[in-house]
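Enquirer: Just so it is clear, I am handing over upload-v9.txt, which has compact mmCIF, N, CA and C atoms.
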# COMPACT_ATOMS: atom_id res chain seq x y z
N MET A 239 -77.77 -31.76 -165.47
CA MET A 239 -77.41 -30.36 -165.55
C MET A 239 -76.75 -29.91 -164.25
N ASN A 240 -75.76 -29.08 -164.39
CA ASN A 240 -75.12 -28.49 -163.23
C ASN A 240 -75.75 -27.14 -162.96
N TYR A 241 -76.23 -26.97 -161.76
CA TYR A 241 -76.85 -25.71 -161.38
C TYR A 241 -75.92 -24.97 -160.43
N ILE A 242 -75.74 -23.71 -160.68
CA ILE A 242 -74.95 -22.89 -159.76
C ILE A 242 -75.79 -22.56 -158.54
N LEU A 243 -77.07 -22.34 -158.76
CA LEU A 243 -77.98 -21.99 -157.66
C LEU A 243 -78.46 -23.24 -156.95
N ALA A 244 -79.05 -23.06 -155.80
CA ALA A 244 -79.61 -24.18 -155.05
C ALA A 244 -80.78 -24.78 -155.83
N PRO A 245 -81.09 -26.05 -155.63
CA PRO A 245 -82.18 -26.69 -156.39
C PRO A 245 -83.52 -26.00 -156.23
N ASN A 246 -83.81 -25.44 -155.05
CA ASN A 246 -85.09 -24.77 -154.85
C ASN A 246 -85.21 -23.54 -155.75
N PHE A 247 -84.12 -22.82 -155.95
CA PHE A 247 -84.13 -21.66 -156.83
C PHE A 247 -84.40 -22.10 -158.27
N CYS A 248 -83.75 -23.20 -158.67
CA CYS A 248 -83.90 -23.66 -160.05
C CYS A 248 -85.33 -24.09 -160.32
N ILE A 249 -85.94 -24.77 -159.36
CA ILE A 249 -87.33 -25.18 -159.53
C ILE A 249 -88.22 -23.95 -159.62
N LEU A 250 -87.97 -22.96 -158.78
CA LEU A 250 -88.77 -21.73 -158.80
C LEU A 250 -88.60 -21.01 -160.14
N PHE A 251 -87.37 -20.95 -160.66
CA PHE A 251 -87.15 -20.28 -161.94
C PHE A 251 -87.82 -21.04 -163.08
N ARG A 252 -87.80 -22.38 -163.03
CA ARG A 252 -88.48 -23.15 -164.08
C ARG A 252 -89.98 -22.93 -164.04
N VAL A 253 -90.54 -22.88 -162.84
CA VAL A 253 -91.98 -22.66 -162.70
C VAL A 253 -92.36 -21.27 -163.19
N LEU A 254 -91.57 -20.27 -162.82
CA LEU A 254 -91.85 -18.91 -163.26
C LEU A 254 -91.65 -18.75 -164.76
N ALA A 255 -90.67 -19.45 -165.33
CA ALA A 255 -90.44 -19.38 -166.77
C ALA A 255 -91.58 -20.03 -167.54
N ALA A 256 -92.21 -21.04 -166.95
CA ALA A 256 -93.33 -21.70 -167.61
C ALA A 256 -94.62 -20.89 -167.50
N GLY A 257 -94.61 -19.83 -166.72
CA GLY A 257 -95.79 -18.99 -166.59
C GLY A 257 -96.75 -19.45 -165.52
N GLN A 258 -96.32 -20.37 -164.68
CA GLN A 258 -97.19 -20.87 -163.62
C GLN A 258 -96.61 -20.43 -162.28
N LEU A 259 -97.49 -20.03 -161.40
CA LEU A 259 -97.06 -19.64 -160.07
C LEU A 259 -97.28 -20.81 -159.12
N PRO A 260 -96.42 -20.98 -158.13
CA PRO A 260 -96.62 -22.05 -157.17
C PRO A 260 -97.90 -21.83 -156.37
N ALA A 261 -98.57 -22.93 -156.03
CA ALA A 261 -99.85 -22.84 -155.33
C ALA A 261 -99.66 -22.38 -153.89
N GLU A 262 -98.54 -22.71 -153.31
CA GLU A 262 -98.33 -22.38 -151.91
C GLU A 262 -97.00 -21.64 -151.75
N VAL A 263 -97.03 -20.60 -150.95
CA VAL A 263 -95.81 -19.86 -150.66
C VAL A 263 -95.22 -20.44 -149.38
N GLY A 264 -94.03 -20.99 -149.49
CA GLY A 264 -93.41 -21.66 -148.36
C GLY A 264 -92.36 -20.80 -147.68
N LEU A 265 -91.69 -21.42 -146.73
CA LEU A 265 -90.65 -20.73 -145.97
C LEU A 265 -89.51 -20.28 -146.87
N ASN A 266 -89.16 -21.11 -147.85
CA ASN A 266 -88.06 -20.75 -148.75
C ASN A 266 -88.33 -19.45 -149.49
N HIS A 267 -89.56 -19.25 -149.90
CA HIS A 267 -89.90 -18.03 -150.64
C HIS A 267 -89.70 -16.79 -149.77
N TYR A 268 -90.14 -16.89 -148.53
CA TYR A 268 -89.97 -15.75 -147.62
C TYR A 268 -88.49 -15.49 -147.32
N LEU A 269 -87.72 -16.56 -147.16
CA LEU A 269 -86.30 -16.39 -146.86
C LEU A 269 -85.54 -15.84 -148.06
N VAL A 270 -85.92 -16.24 -149.26
CA VAL A 270 -85.28 -15.69 -150.46
C VAL A 270 -85.60 -14.20 -150.57
N LEU A 271 -86.86 -13.84 -150.34
CA LEU A 271 -87.23 -12.43 -150.39
C LEU A 271 -86.50 -11.64 -149.30
N SER A 272 -86.41 -12.20 -148.12
CA SER A 272 -85.70 -11.53 -147.03
C SER A 272 -84.23 -11.36 -147.37
N ALA A 273 -83.60 -12.38 -147.92
CA ALA A 273 -82.19 -12.28 -148.29
C ALA A 273 -81.99 -11.26 -149.41
N LEU A 274 -82.91 -11.21 -150.35
CA LEU A 274 -82.81 -10.24 -151.44
C LEU A 274 -82.94 -8.81 -150.91
N LEU A 275 -83.91 -8.58 -150.04
CA LEU A 275 -84.07 -7.25 -149.45
C LEU A 275 -82.85 -6.86 -148.61
N PHE A 276 -82.32 -7.82 -147.86
CA PHE A 276 -81.15 -7.53 -147.05
C PHE A 276 -79.94 -7.20 -147.92
N ALA A 277 -79.78 -7.95 -149.02
CA ALA A 277 -78.65 -7.69 -149.93
C ALA A 277 -78.77 -6.32 -150.59
N ILE A 278 -79.98 -5.95 -150.99
CA ILE A 278 -80.19 -4.62 -151.59
C ILE A 278 -79.82 -3.54 -150.57
N GLY A 279 -80.27 -3.70 -149.34
CA GLY A 279 -79.94 -2.74 -148.30
C GLY A 279 -78.46 -2.70 -147.99
N PHE A 280 -77.83 -3.86 -147.95
CA PHE A 280 -76.40 -3.93 -147.65
C PHE A 280 -75.57 -3.23 -148.72
N PHE A 281 -75.87 -3.53 -149.98
CA PHE A 281 -75.11 -2.88 -151.05
C PHE A 281 -75.45 -1.40 -151.16
N GLY A 282 -76.66 -1.03 -150.78
CA GLY A 282 -77.00 0.39 -150.74
C GLY A 282 -76.19 1.14 -149.70
N VAL A 283 -75.97 0.51 -148.55
CA VAL A 283 -75.14 1.14 -147.50
C VAL A 283 -73.70 1.27 -147.97
N LEU A 284 -73.21 0.25 -148.66
CA LEU A 284 -71.82 0.28 -149.11
C LEU A 284 -71.58 1.25 -150.26
N LEU A 285 -72.54 1.37 -151.16
CA LEU A 285 -72.30 2.10 -152.40
C LEU A 285 -72.81 3.54 -152.40
N ARG A 286 -73.80 3.85 -151.62
CA ARG A 286 -74.38 5.20 -151.66
C ARG A 286 -73.63 6.15 -150.75
N ARG A 287 -73.70 7.42 -151.08
CA ARG A 287 -72.99 8.44 -150.30
C ARG A 287 -73.92 9.50 -149.72
N ASN A 288 -75.20 9.35 -149.87
CA ASN A 288 -76.17 10.28 -149.31
C ASN A 288 -76.66 9.70 -147.99
N THR A 289 -76.65 10.49 -146.92
CA THR A 289 -77.02 9.95 -145.61
C THR A 289 -78.47 9.48 -145.56
N LEU A 290 -79.36 10.15 -146.26
CA LEU A 290 -80.76 9.71 -146.26
C LEU A 290 -80.92 8.37 -146.95
N ILE A 291 -80.23 8.16 -148.06
CA ILE A 291 -80.30 6.89 -148.78
C ILE A 291 -79.68 5.78 -147.94
N VAL A 292 -78.56 6.06 -147.31
CA VAL A 292 -77.93 5.07 -146.43
C VAL A 292 -78.86 4.71 -145.29
N TYR A 293 -79.52 5.69 -144.74
CA TYR A 293 -80.46 5.45 -143.64
C TYR A 293 -81.64 4.59 -144.10
N MET A 294 -82.15 4.86 -145.30
CA MET A 294 -83.24 4.04 -145.84
C MET A 294 -82.78 2.61 -146.09
N CYS A 295 -81.54 2.45 -146.54
CA CYS A 295 -81.01 1.10 -146.77
C CYS A 295 -80.84 0.35 -145.45
N LEU A 296 -80.45 1.05 -144.40
CA LEU A 296 -80.37 0.41 -143.08
C LEU A 296 -81.76 -0.04 -142.61
N GLU A 297 -82.75 0.79 -142.86
CA GLU A 297 -84.12 0.40 -142.50
C GLU A 297 -84.61 -0.78 -143.33
N LEU A 298 -84.18 -0.85 -144.58
CA LEU A 298 -84.53 -1.98 -145.44
C LEU A 298 -83.92 -3.27 -144.91
N MET A 299 -82.70 -3.18 -144.43
CA MET A 299 -82.05 -4.35 -143.83
C MET A 299 -82.78 -4.79 -142.55
N LEU A 300 -83.23 -3.84 -141.76
CA LEU A 300 -83.99 -4.16 -140.55
C LEU A 300 -85.32 -4.82 -140.92
N SER A 301 -85.97 -4.33 -141.94
CA SER A 301 -87.23 -4.92 -142.39
C SER A 301 -87.03 -6.34 -142.92
N ALA A 302 -85.92 -6.56 -143.59
CA ALA A 302 -85.62 -7.91 -144.10
C ALA A 302 -85.43 -8.89 -142.95
N SER A 303 -84.77 -8.46 -141.89
CA SER A 303 -84.58 -9.35 -140.75
C SER A 303 -85.90 -9.62 -140.02
N THR A 304 -86.78 -8.64 -139.96
CA THR A 304 -88.08 -8.88 -139.32
C THR A 304 -88.93 -9.80 -140.18
N LEU A 305 -88.82 -9.70 -141.50
CA LEU A 305 -89.55 -10.62 -142.37
C LEU A 305 -89.09 -12.05 -142.14
N ALA A 306 -87.78 -12.25 -142.00
CA ALA A 306 -87.27 -13.60 -141.73
C ALA A 306 -87.74 -14.11 -140.37
N ALA A 307 -87.79 -13.23 -139.38
CA ALA A 307 -88.26 -13.65 -138.05
C ALA A 307 -89.72 -14.07 -138.09
N VAL A 308 -90.55 -13.33 -138.81
CA VAL A 308 -91.96 -13.71 -138.92
C VAL A 308 -92.11 -15.01 -139.70
N ALA A 309 -91.30 -15.18 -140.74
CA ALA A 309 -91.38 -16.41 -141.54
C ALA A 309 -91.02 -17.63 -140.70
N PHE A 310 -89.95 -17.53 -139.93
CA PHE A 310 -89.58 -18.66 -139.06
C PHE A 310 -90.63 -18.89 -137.98
N SER A 311 -91.22 -17.83 -137.48
CA SER A 311 -92.26 -17.97 -136.47
C SER A 311 -93.47 -18.70 -137.03
N ARG A 312 -93.88 -18.33 -138.23
CA ARG A 312 -95.02 -19.00 -138.86
C ARG A 312 -94.69 -20.45 -139.19
N PHE A 313 -93.45 -20.69 -139.61
CA PHE A 313 -93.04 -22.06 -139.96
C PHE A 313 -93.06 -22.96 -138.73
N ASN A 314 -92.63 -22.42 -137.58
CA ASN A 314 -92.61 -23.21 -136.35
C ASN A 314 -93.97 -23.27 -135.66
N GLY A 315 -94.91 -22.43 -136.07
CA GLY A 315 -96.24 -22.45 -135.47
C GLY A 315 -96.31 -21.77 -134.11
N THR A 316 -95.38 -20.86 -133.85
CA THR A 316 -95.40 -20.14 -132.58
C THR A 316 -95.62 -18.66 -132.82
N LEU A 317 -95.88 -17.94 -131.76
CA LEU A 317 -96.04 -16.49 -131.85
C LEU A 317 -94.83 -15.74 -131.32
N ASP A 318 -93.77 -16.45 -130.99
CA ASP A 318 -92.58 -15.80 -130.43
C ASP A 318 -91.99 -14.79 -131.39
N GLY A 319 -91.85 -15.17 -132.66
CA GLY A 319 -91.29 -14.25 -133.65
C GLY A 319 -92.17 -13.04 -133.89
N ASP A 320 -93.49 -13.25 -133.86
CA ASP A 320 -94.42 -12.14 -134.07
C ASP A 320 -94.32 -11.11 -132.94
N ILE A 321 -94.21 -11.60 -131.72
CA ILE A 321 -94.08 -10.70 -130.58
C ILE A 321 -92.74 -9.97 -130.63
N PHE A 322 -91.68 -10.70 -131.00
CA PHE A 322 -90.36 -10.10 -131.13
C PHE A 322 -90.37 -9.02 -132.20
N VAL A 323 -91.05 -9.27 -133.31
CA VAL A 323 -91.13 -8.29 -134.41
C VAL A 323 -91.92 -7.06 -133.96
N PHE A 324 -92.94 -7.25 -133.14
CA PHE A 324 -93.68 -6.10 -132.62
C PHE A 324 -92.76 -5.15 -131.86
N PHE A 325 -91.87 -5.70 -131.04
CA PHE A 325 -90.93 -4.86 -130.31
C PHE A 325 -89.88 -4.26 -131.23
N ILE A 326 -89.46 -5.00 -132.25
CA ILE A 326 -88.51 -4.47 -133.23
C ILE A 326 -89.11 -3.26 -133.94
N ILE A 327 -90.36 -3.35 -134.36
CA ILE A 327 -91.00 -2.25 -135.06
C ILE A 327 -91.18 -1.05 -134.13
N THR A 328 -91.47 -1.31 -132.87
CA THR A 328 -91.59 -0.21 -131.90
C THR A 328 -90.27 0.52 -131.73
N VAL A 329 -89.19 -0.22 -131.58
CA VAL A 329 -87.87 0.39 -131.45
C VAL A 329 -87.47 1.08 -132.75
N ALA A 330 -87.84 0.51 -133.90
CA ALA A 330 -87.50 1.11 -135.20
C ALA A 330 -88.20 2.45 -135.38
N ALA A 331 -89.41 2.58 -134.86
CA ALA A 331 -90.11 3.87 -134.96
C ALA A 331 -89.37 4.95 -134.18
N ALA A 332 -88.89 4.59 -133.00
CA ALA A 332 -88.10 5.55 -132.22
C ALA A 332 -86.77 5.83 -132.91
N GLU A 333 -86.18 4.82 -133.51
CA GLU A 333 -84.91 4.98 -134.23
C GLU A 333 -85.07 5.94 -135.40
N VAL A 334 -86.17 5.84 -136.12
CA VAL A 334 -86.42 6.73 -137.25
C VAL A 334 -86.50 8.17 -136.78
N ALA A 335 -87.19 8.40 -135.70
CA ALA A 335 -87.32 9.77 -135.19
C ALA A 335 -85.95 10.33 -134.79
N VAL A 336 -85.17 9.56 -134.08
CA VAL A 336 -83.85 10.03 -133.63
C VAL A 336 -82.90 10.17 -134.83
N GLY A 337 -82.90 9.19 -135.72
CA GLY A 337 -82.00 9.23 -136.87
C GLY A 337 -82.28 10.40 -137.79
N LEU A 338 -83.54 10.65 -138.08
CA LEU A 338 -83.88 11.79 -138.93
C LEU A 338 -83.57 13.12 -138.24
N ALA A 339 -83.74 13.17 -136.93
CA ALA A 339 -83.38 14.39 -136.20
C ALA A 339 -81.88 14.65 -136.29
N ILE A 340 -81.08 13.60 -136.20
CA ILE A 340 -79.63 13.77 -136.34
C ILE A 340 -79.27 14.22 -137.75
N ILE A 341 -79.90 13.64 -138.75
CA ILE A 341 -79.62 14.02 -140.14
C ILE A 341 -80.02 15.48 -140.39
N VAL A 342 -81.16 15.89 -139.86
CA VAL A 342 -81.59 17.28 -140.02
C VAL A 342 -80.63 18.23 -139.30
N ALA A 343 -80.18 17.85 -138.11
CA ALA A 343 -79.23 18.69 -137.39
C ALA A 343 -77.91 18.81 -138.14
N LEU A 344 -77.43 17.70 -138.72
CA LEU A 344 -76.21 17.76 -139.52
C LEU A 344 -76.40 18.62 -140.76
N PHE A 345 -77.58 18.53 -141.38
CA PHE A 345 -77.83 19.35 -142.55
C PHE A 345 -77.85 20.84 -142.20
N ARG A 346 -78.46 21.17 -141.08
CA ARG A 346 -78.49 22.58 -140.66
C ARG A 346 -77.10 23.11 -140.34
N LEU A 347 -76.24 22.25 -139.81
CA LEU A 347 -74.90 22.66 -139.43
C LEU A 347 -73.96 22.74 -140.64
N ARG A 348 -74.02 21.74 -141.51
CA ARG A 348 -73.06 21.63 -142.61
C ARG A 348 -73.65 21.98 -143.97
N HIS A 349 -74.95 22.09 -144.10
CA HIS A 349 -75.66 22.39 -145.35
C HIS A 349 -75.42 21.33 -146.42
N THR A 350 -75.25 20.09 -146.02
CA THR A 350 -75.10 18.99 -146.95
C THR A 350 -75.49 17.69 -146.24
N VAL A 351 -75.84 16.68 -147.05
CA VAL A 351 -76.11 15.35 -146.52
C VAL A 351 -75.20 14.30 -147.16
N GLN A 352 -74.17 14.74 -147.86
CA GLN A 352 -73.22 13.83 -148.49
C GLN A 352 -72.22 13.33 -147.45
N LEU A 353 -71.97 12.02 -147.46
CA LEU A 353 -71.10 11.43 -146.44
C LEU A 353 -69.65 11.87 -146.56
N GLU A 354 -69.18 12.13 -147.79
CA GLU A 354 -67.79 12.56 -147.95
C GLU A 354 -67.53 13.89 -147.24
N GLU A 355 -68.51 14.75 -147.25
CA GLU A 355 -68.35 16.06 -146.64
C GLU A 355 -68.63 16.06 -145.14
N LEU A 356 -69.13 14.95 -144.64
CA LEU A 356 -69.41 14.83 -143.20
C LEU A 356 -68.39 13.93 -142.52
N ALA A 357 -67.17 13.89 -143.04
CA ALA A 357 -66.15 13.00 -142.48
C ALA A 357 -65.75 13.44 -141.07
N GLU A 358 -65.76 14.74 -140.83
CA GLU A 358 -65.41 15.23 -139.50
C GLU A 358 -66.69 15.68 -138.79
N LEU A 359 -66.78 15.38 -137.52
CA LEU A 359 -67.96 15.75 -136.77
C LEU A 359 -67.72 17.00 -135.90
N LYS A 360 -66.52 17.55 -135.99
CA LYS A 360 -66.27 18.78 -135.23
C LYS A 360 -66.04 19.93 -136.21
N HIS A 361 -66.11 21.14 -135.73
CA HIS A 361 -65.98 22.33 -136.59
C HIS A 361 -64.60 22.46 -137.13
Once more with this new file: its structure as structure tokens, please.
Expert:
Amino acid sequence: MNYILAPNFCILFRVLAAGQLPAEVGLNHYLVLSALLFAIGFFGVLLRRNTLIVYMCLELMLSASTLAAVAFSRFNGTLDGDIFVFFIITVAAAEVAVGLAIIVALFRLRHTVQLEELAELKH
């Protein structure tokens, strides 16, 4: 059989179609989930026109990258990725506060959160 997807995906789909779950969750599973979350966030940024939705999609992409970092860290048996993710989450918390403050300020000024109407940043 010719598979369009990678062999690991095909094995996973066959196992899921048979109604059995794999006994162990490996690195591939985490990376597939991370890639799926990143793709959802990426297409959300490209296709959506609401600033809040775009902001949430950017945060989803950041979460997907941190999931991949933790997965690689666990796979290698080190704590480097976990420590790096701790700092990423700390910076992301500050980013959320600043980003939402900017969105609220734009809403108060322009009375909209649609990106088409926020094309110009001056009066």
Enquirer: One number please: atom C of His349 (chain A) to CA of Tyr293 (chain A), in Å, one decimal.
Expert: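 Result for atom C of His349 (chain A) versus CA of Tyr293 (chain A): 16.9 Å, one decimal.
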Enquirer: So which residues are close to (-81.3, -5.1, -143.7), meaning at most 7 Å away in the file's coordinates with all atoms listed in the file counted, and can you show them as a list in words?
Expert: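 Output: Leu275, Phe276, Ala277, Gly279, Phe280, Cys295, Leu296, Glu297, Leu298, Met299, Leu300, Ser301, Ala302 and Ser303 of chain A.
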Enquirer: Quote the spacing between CA of Leu285 (chain A) and atom C of Gly337 (chain A) in Å to one decimal place.
Expert: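 A separation of 19.5 Å between them.
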Enquirer: For Leu338 (chain A), which residue among A:Met294, A:Leu305, A:Ala357, A:Val323 is the nearest when counting only C-alpha atoms?
Expert: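 Ranked by minimum distance to Leu338 (chain A), first place goes to A:Met294.
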Enquirer: Using Å and a single decimal, report how far CA of Ala332 (chain A) sits from CA of Leu356 (chain A).
Expert: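 About the pair CA of Leu356 (chain A) and CA of Ala332 (chain A): they are 23.6 Å apart.
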